[in-house]
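Asks: Below is a structure I'd like to ask you about.
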Amino acid sequence: MTPIFTFPDCSEQLALFQSFYDNPVAMIAEEGIVNQLKAQAERTCRYCNKSEPETTFKKEAHIISQMLGKNDLLCDFECDACNQIFSKYESSFVNWLGITRTLIGTRGRRNKVPEYLSGTGNIQAKLNTIMEADGVIVSRTPDAHEAINIDVDSGKTTIQYAKRAYIPLEVYKVLLKIAFAVLPTEDVADYAPVLRMLTAEAHPDLCRFAHIMRFQLPLDQSVTSPYGILFTKRDPLAHCPRHSFIFYYANQVYSFPLPFSIQDIRNGCYTNIKCYFPPPIFFDQPLSFNHVNVDRLPMGSLEKVKGEREIITFEFKPKDLENLMSFDPVTGESKPHTFDPKDILSIFMVRSGRKLKLSKK
Ligand SMILES: [Zn+2]
């Protein structure tokens, strides 16, 4: 058995989860990791169960969207029609993620980091180079005073913005699609009804079941490439879903069970069913930190969520805010300056260890 680890906060949840689930299968989306694909004529779509000539397989189908990072992980079981439906859901997913892709510097298909503009337009983030250092600049509009807040005494800093509109069920379907892509071929038939639900109109059973657990790690604990791990329950008769999945992107970890295995339903496992969500799981001991942010989110709604507030938090050392200098990048002039957080319109974030190159004036 592969040893697995989690954060101290989550160790009880992991022990409980492991008492029901085992046999992890991992999948990683990285550049250069390529999988063997069947010829188009031999393919069957996992989601609609169609083959040629009923459908086509002309487009490259990515298991994990390149919006979460450039990668070569393709599959041979997603037809063009289903692919098109999933692409539509992915815009909901990206809006739900919010500013993360830009803050983390995720490079997409064209090797570019996306610029971000919040739902109400008061926060903007983009890559920038200032004084020879590459980083991300987060700016607020002059009247959006509450959007960037720095507490001088504690150093606690928040960026507050409204997300762009998204549909929760579409976000859930994107996550389910990734999980079902990890499923071994021999188990696909066991999930036939729910696989059809992914590209069809909302099914009330799926809406009710749609819950995920979201763990938010500190930004500096981000994973470099997105990956997922699928677990199978130990006892086929246990009253919990047959498979459970966990997905990692940047500093976000999402965990959820796979709904409606036919085998589970036949075995009566859905009577008084209990869902066990895996906590963040690592194959090496993770760096420990104080607290893991966790929410259990209902994702079954079809109603567009508009203006959802998101807060990004990080900390300065309060000592660093004393003895500050102001610096004019145009004239190169610098002078002592009393720091007033209300003056701050932009924050420039660089990787730790990088230095801005100041002129000598
Ligand atoms: Zn299809």
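How things are named: the first chain in the structure tokens is A, the next is B, and so on; residues count from 1 in each chain; ligands count from 1 in the order shown.
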Can you tell me which residues sit at most 7 Å away from ligand 1, counting only C-alpha atoms and all ligand atoms, written as a PyMOL selection string?

Replies: chain A and resi 45-50+78-82

Asks: Please write the residues from the selection above to a file, keeping N, CA and C atoms, as a PDB file, in the first residue's frame.

Replies:
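Result saved to result-v9.pdb:
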ATOM      1  N   CYS A  45     -17.503   7.349 -27.322  1.00  0.00           N
ATOM      2  CA  CYS A  45     -17.538   8.463 -26.370  1.00  0.00           C
ATOM      3  C   CYS A  45     -18.063   7.966 -25.025  1.00  0.00           C
ATOM      4  N   ARG A  46     -17.319   8.229 -23.993  1.00  0.00           N
ATOM      5  CA  ARG A  46     -17.654   7.810 -22.635  1.00  0.00           C
ATOM      6  C   ARG A  46     -18.921   8.519 -22.144  1.00  0.00           C
ATOM      7  N   TYR A  47     -19.189   9.703 -22.662  1.00  0.00           N
ATOM      8  CA  TYR A  47     -20.279  10.523 -22.122  1.00  0.00           C
ATOM      9  C   TYR A  47     -21.603  10.297 -22.841  1.00  0.00           C
ATOM     10  N   CYS A  48     -21.565  10.110 -24.196  1.00  0.00           N
ATOM     11  CA  CYS A  48     -22.836   9.904 -24.911  1.00  0.00           C
ATOM     12  C   CYS A  48     -22.938   8.482 -25.465  1.00  0.00           C
ATOM     13  N   ASN A  49     -21.859   7.708 -25.325  1.00  0.00           N
ATOM     14  CA  ASN A  49     -21.813   6.298 -25.774  1.00  0.00           C
ATOM     15  C   ASN A  49     -21.894   6.142 -27.296  1.00  0.00           C
ATOM     16  N   LYS A  50     -21.633   7.211 -28.037  1.00  0.00           N
ATOM     17  CA  LYS A  50     -21.696   7.120 -29.504  1.00  0.00           C
ATOM     18  C   LYS A  50     -20.309   6.879 -30.094  1.00  0.00           C
ATOM     19  N   GLU A  78     -13.866  11.141 -25.791  1.00  0.00           N
ATOM     20  CA  GLU A  78     -14.747  12.308 -25.710  1.00  0.00           C
ATOM     21  C   GLU A  78     -14.976  12.808 -27.134  1.00  0.00           C
ATOM     22  N   CYS A  79     -16.221  12.720 -27.600  1.00  0.00           N
ATOM     23  CA  CYS A  79     -16.506  13.082 -28.985  1.00  0.00           C
ATOM     24  C   CYS A  79     -16.599  14.603 -29.133  1.00  0.00           C
ATOM     25  N   ASP A  80     -16.618  15.073 -30.371  1.00  0.00           N
ATOM     26  CA  ASP A  80     -16.626  16.515 -30.625  1.00  0.00           C
ATOM     27  C   ASP A  80     -17.874  17.203 -30.073  1.00  0.00           C
ATOM     28  N   ALA A  81     -19.019  16.516 -30.174  1.00  0.00           N
ATOM     29  CA  ALA A  81     -20.264  17.128 -29.690  1.00  0.00           C
ATOM     30  C   ALA A  81     -20.203  17.320 -28.167  1.00  0.00           C
ATOM     31  N   CYS A  82     -19.748  16.289 -27.456  1.00  0.00           N
ATOM     32  CA  CYS A  82     -19.646  16.398 -25.990  1.00  0.00           C
ATOM     33  C   CYS A  82     -18.573  17.419 -25.614  1.00  0.00           C
TER      34      CYS A  82
END

Asks: Mind checking which residues fall within 9 Å of stretch 230-241 of chain A, counting only C-alpha atoms, ignoring those fewer than 2 positions away in the same chain, and posting them as a tab-separated table (two decimals) with N, CA and C atoms, in the first residue's frame?

Replies:
chain	number	residue	atom	x	y	z
A	18	GLN	N	-9.85	6.66	4.90
A	18	GLN	CA	-9.07	5.46	4.58
A	18	GLN	C	-9.71	4.19	5.13
A	19	SER	N	-10.55	4.32	6.15
A	19	SER	CA	-11.20	3.11	6.65
A	19	SER	C	-12.24	2.61	5.64
A	20	PHE	N	-12.67	3.49	4.73
A	20	PHE	CA	-13.65	3.09	3.71
A	20	PHE	C	-13.06	2.97	2.30
A	21	TYR	N	-12.00	3.73	2.02
A	21	TYR	CA	-11.49	3.80	0.64
A	21	TYR	C	-10.00	3.46	0.55
A	22	ASP	N	-9.63	2.91	-0.62
A	22	ASP	CA	-8.24	2.53	-0.85
A	22	ASP	C	-7.97	2.55	-2.36
A	23	ASN	N	-6.81	2.00	-2.76
A	23	ASN	CA	-6.49	1.77	-4.15
A	23	ASN	C	-6.45	3.05	-4.98
A	24	PRO	N	-5.64	4.05	-4.56
A	24	PRO	CA	-5.59	5.31	-5.31
A	24	PRO	C	-5.00	5.16	-6.72
A	25	VAL	N	-5.65	5.81	-7.69
A	25	VAL	CA	-5.13	5.87	-9.06
A	25	VAL	C	-4.95	7.35	-9.39
A	26	ALA	N	-3.73	7.75	-9.73
A	26	ALA	CA	-3.46	9.18	-9.93
A	26	ALA	C	-3.32	9.51	-11.41
A	27	MET	N	-3.64	10.77	-11.74
A	27	MET	CA	-3.49	11.25	-13.12
A	27	MET	C	-2.99	12.68	-13.06
A	179	ALA	N	-13.08	13.54	-13.17
A	179	ALA	CA	-13.06	12.32	-12.35
A	179	ALA	C	-13.40	11.10	-13.20
A	182	VAL	N	-10.70	9.47	-15.27
A	182	VAL	CA	-9.70	8.63	-14.60
A	182	VAL	C	-10.23	7.20	-14.42
A	183	LEU	N	-11.54	7.04	-14.52
A	183	LEU	CA	-12.17	5.73	-14.30
A	183	LEU	C	-11.66	4.68	-15.29
A	228	GLY	N	-5.26	14.62	-10.37
A	228	GLY	CA	-6.41	14.06	-9.68
A	228	GLY	C	-6.09	12.66	-9.17
A	243	HIS	N	-16.80	5.17	-5.73
A	243	HIS	CA	-15.54	5.89	-5.96
A	243	HIS	C	-15.60	7.29	-5.36
A	244	SER	N	-14.43	7.78	-4.98
A	244	SER	CA	-14.32	9.15	-4.51
A	244	SER	C	-13.10	9.76	-5.19
A	245	PHE	N	-13.14	11.07	-5.42
A	245	PHE	CA	-12.11	11.71	-6.24
A	245	PHE	C	-11.61	12.97	-5.57
A	246	ILE	N	-10.34	13.27	-5.84
A	246	ILE	CA	-9.79	14.55	-5.34
A	246	ILE	C	-8.97	15.17	-6.45
A	247	PHE	N	-9.13	16.49	-6.61
A	247	PHE	CA	-8.49	17.19	-7.72
A	247	PHE	C	-7.72	18.41	-7.19
A	257	PRO	N	-17.43	12.58	-3.98
A	257	PRO	CA	-17.67	11.21	-4.43
A	257	PRO	C	-18.27	11.17	-5.83
A	258	LEU	N	-18.12	10.06	-6.54
A	258	LEU	CA	-18.76	9.89	-7.86
A	258	LEU	C	-20.17	9.34	-7.65
A	259	PRO	N	-21.16	10.01	-8.23
A	259	PRO	CA	-22.54	9.59	-7.97
A	259	PRO	C	-23.00	8.39	-8.80
A	260	PHE	N	-23.94	7.65	-8.21
A	260	PHE	CA	-24.85	6.74	-8.91
A	260	PHE	C	-24.21	5.58	-9.67
A	261	SER	N	-23.32	4.86	-9.03
A	261	SER	CA	-22.85	3.60	-9.62
A	261	SER	C	-24.04	2.63	-9.65
A	263	GLN	N	-23.99	-0.57	-9.72
A	263	GLN	CA	-23.68	-1.62	-8.75
A	263	GLN	C	-24.09	-1.20	-7.32
A	264	ASP	N	-23.75	0.03	-6.95
A	264	ASP	CA	-24.13	0.56	-5.63
A	264	ASP	C	-25.64	0.57	-5.46
A	267	ASN	N	-26.99	-2.87	-5.04
A	267	ASN	CA	-26.64	-3.45	-3.74
A	267	ASN	C	-27.31	-2.73	-2.57
A	268	GLY	N	-28.16	-1.77	-2.87
A	268	GLY	CA	-28.87	-1.05	-1.81
A	268	GLY	C	-28.00	-0.06	-1.05
A	269	CYS	N	-26.83	0.28	-1.60
A	269	CYS	CA	-25.91	1.17	-0.88
A	269	CYS	C	-26.45	2.60	-0.76
A	270	TYR	N	-27.44	2.95	-1.58
A	270	TYR	CA	-27.98	4.32	-1.53
A	270	TYR	C	-29.04	4.49	-0.45
A	271	THR	N	-29.36	3.41	0.27
A	271	THR	CA	-30.25	3.56	1.43
A	271	THR	C	-29.38	4.08	2.57
A	272	ASN	N	-29.77	5.22	3.13
A	272	ASN	CA	-28.97	5.88	4.18
A	272	ASN	C	-27.50	6.01	3.80
A	273	ILE	N	-27.26	6.46	2.60
A	273	ILE	CA	-25.88	6.56	2.13
A	273	ILE	C	-25.14	7.69	2.87
A	274	LYS	N	-23.85	7.47	3.12
A	274	LYS	CA	-22.99	8.50	3.73
A	274	LYS	C	-21.85	8.79	2.78
A	275	CYS	N	-21.54	10.08	2.58
A	275	CYS	CA	-20.44	10.42	1.68
A	275	CYS	C	-19.21	10.79	2.50
A	276	TYR	N	-18.07	10.20	2.15
A	276	TYR	CA	-16.80	10.53	2.81
A	276	TYR	C	-15.93	11.26	1.80
A	278	PRO	N	-12.42	12.81	0.65
A	278	PRO	CA	-11.01	12.75	1.03
A	278	PRO	C	-10.46	14.16	1.31

Asks: Using only C-alpha atoms, which protein or nucleic acid residues come within 10 Å of A:Ala144? Drop anything in the same chain fewer than 4 positions from it, and give the result as a PyMOL selection string.

Replies: chain A and resi 121-123+139-140+148+160-161+345

Asks: With only C-alpha atoms as the basis for distance, which of A:Pro142, A:Pro193, A:Pro329, A:Pro279 is at the shortest distance from A:Tyr248?

Replies: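 Looking only at the distances to A:Tyr248, the closest residue turns out to be A:Pro279.
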
Asks: Would you kindly return, as a PDB file with N, CA and C atoms, in the first residue's frame, each protein, DNA or RNA residue with an atom no farther than 10 Å from any atom of stretch 218-220 of chain A, considering only C-alpha atoms and excluding same-chain residues fewer than 4 positions away?

Replies:
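Full text of selection_9.pdb as output:
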ATOM      1  N   THR A 100      -7.517  33.440  -9.347  1.00  0.00           N
ATOM      2  CA  THR A 100      -6.427  32.481  -9.080  1.00  0.00           C
ATOM      3  C   THR A 100      -5.494  32.253 -10.262  1.00  0.00           C
ATOM      4  N   LEU A 103      -3.130  35.173 -10.539  1.00  0.00           N
ATOM      5  CA  LEU A 103      -2.225  35.294  -9.382  1.00  0.00           C
ATOM      6  C   LEU A 103      -1.143  34.225  -9.408  1.00  0.00           C
ATOM      7  N   ILE A 104      -1.526  33.017  -9.776  1.00  0.00           N
ATOM      8  CA  ILE A 104      -0.587  31.891  -9.779  1.00  0.00           C
ATOM      9  C   ILE A 104       0.319  31.937 -11.009  1.00  0.00           C
ATOM     10  N   ALA A 250      -3.449  24.548  -8.562  1.00  0.00           N
ATOM     11  CA  ALA A 250      -2.839  25.675  -7.847  1.00  0.00           C
ATOM     12  C   ALA A 250      -2.953  25.462  -6.338  1.00  0.00           C
ATOM     13  N   ASN A 251      -3.553  26.418  -5.614  1.00  0.00           N
ATOM     14  CA  ASN A 251      -3.686  26.232  -4.165  1.00  0.00           C
ATOM     15  C   ASN A 251      -5.077  25.701  -3.787  1.00  0.00           C
ATOM     16  N   GLN A 252      -5.823  25.220  -4.786  1.00  0.00           N
ATOM     17  CA  GLN A 252      -7.192  24.745  -4.555  1.00  0.00           C
ATOM     18  C   GLN A 252      -7.243  23.217  -4.615  1.00  0.00           C
ATOM     19  N   PHE A 289       1.470  23.870   8.009  1.00  0.00           N
ATOM     20  CA  PHE A 289       1.149  25.262   8.310  1.00  0.00           C
ATOM     21  C   PHE A 289      -0.075  25.255   9.201  1.00  0.00           C
ATOM     22  N   ASN A 290      -0.416  26.470   9.662  1.00  0.00           N
ATOM     23  CA  ASN A 290      -1.358  26.545  10.770  1.00  0.00           C
ATOM     24  C   ASN A 290      -2.757  26.036  10.480  1.00  0.00           C
ATOM     25  N   HIS A 291      -3.283  26.412   9.323  1.00  0.00           N
ATOM     26  CA  HIS A 291      -4.706  26.204   9.178  1.00  0.00           C
ATOM     27  C   HIS A 291      -5.075  25.967   7.720  1.00  0.00           C
ATOM     28  N   VAL A 292      -5.928  24.987   7.485  1.00  0.00           N
ATOM     29  CA  VAL A 292      -6.408  24.734   6.135  1.00  0.00           C
ATOM     30  C   VAL A 292      -7.851  25.250   6.059  1.00  0.00           C
ATOM     31  N   ASN A 293      -8.125  26.098   5.062  1.00  0.00           N
ATOM     32  CA  ASN A 293      -9.482  26.620   4.875  1.00  0.00           C
ATOM     33  C   ASN A 293     -10.332  25.586   4.173  1.00  0.00           C
ATOM     34  N   ILE A 312      -9.003  37.394  -0.993  1.00  0.00           N
ATOM     35  CA  ILE A 312      -7.668  36.786  -0.983  1.00  0.00           C
ATOM     36  C   ILE A 312      -6.899  37.446   0.159  1.00  0.00           C
ATOM     37  N   THR A 313      -6.305  36.631   1.007  1.00  0.00           N
ATOM     38  CA  THR A 313      -5.619  37.173   2.188  1.00  0.00           C
ATOM     39  C   THR A 313      -4.142  36.804   2.173  1.00  0.00           C
ATOM     40  N   PHE A 314      -3.314  37.732   2.509  1.00  0.00           N
ATOM     41  CA  PHE A 314      -1.914  37.404   2.764  1.00  0.00           C
ATOM     42  C   PHE A 314      -1.354  38.407   3.764  1.00  0.00           C
ATOM     43  N   ARG A 351       7.642  36.567  -6.877  1.00  0.00           N
ATOM     44  CA  ARG A 351       8.013  35.359  -6.135  1.00  0.00           C
ATOM     45  C   ARG A 351       9.001  35.726  -5.042  1.00  0.00           C
ATOM     46  N   SER A 352       8.955  35.004  -3.932  1.00  0.00           N
ATOM     47  CA  SER A 352       9.836  35.360  -2.829  1.00  0.00           C
ATOM     48  C   SER A 352      11.289  35.192  -3.274  1.00  0.00           C
TER      49      SER A 352
END

Asks: Between atom CA of A:Gln84 and atom CA of A:Val174, what is the distance, to one decimal in Å?

Replies: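 Going from atom CA of A:Gln84 over to atom CA of A:Val174, I get 12.3 Å.
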
Asks: Determine the nearest neighbour of A:Thr102 from the options A:Ile63, A:Ala147, A:Ala39, A:Val136, counting only C-alpha atoms.

Replies: A:Val136

Asks: Quick one, how far is atom CA of A:Lys70 from atom CA of A:Leu176?

Replies: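 Distance reported for this atom pair: 20.3 Å.
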
Asks: For A:Ala133, work out the shell of residues within 8 Å, counting only C-alpha atoms and skipping chain neighbours fewer than 3 positions away, then give it as a PyMOL selection string.

Replies: chain A and resi 129-130+350+354-357

Asks: For C-alpha atoms, I'd like the residues from the last selection saved as a CSV table (one decimal), in the first residue's frame.

Replies:
chain,number,residue,atom,x,y,z
A,129,THR,CA,7.6,43.7,-15.3
A,130,ILE,CA,8.6,46.4,-12.9
A,350,VAL,CA,6.7,38.8,-7.1
A,354,ARG,CA,13.1,38.4,-6.2
A,355,LYS,CA,14.4,41.9,-5.9
A,356,LEU,CA,13.3,45.1,-7.7
A,357,LYS,CA,16.3,46.9,-9.3
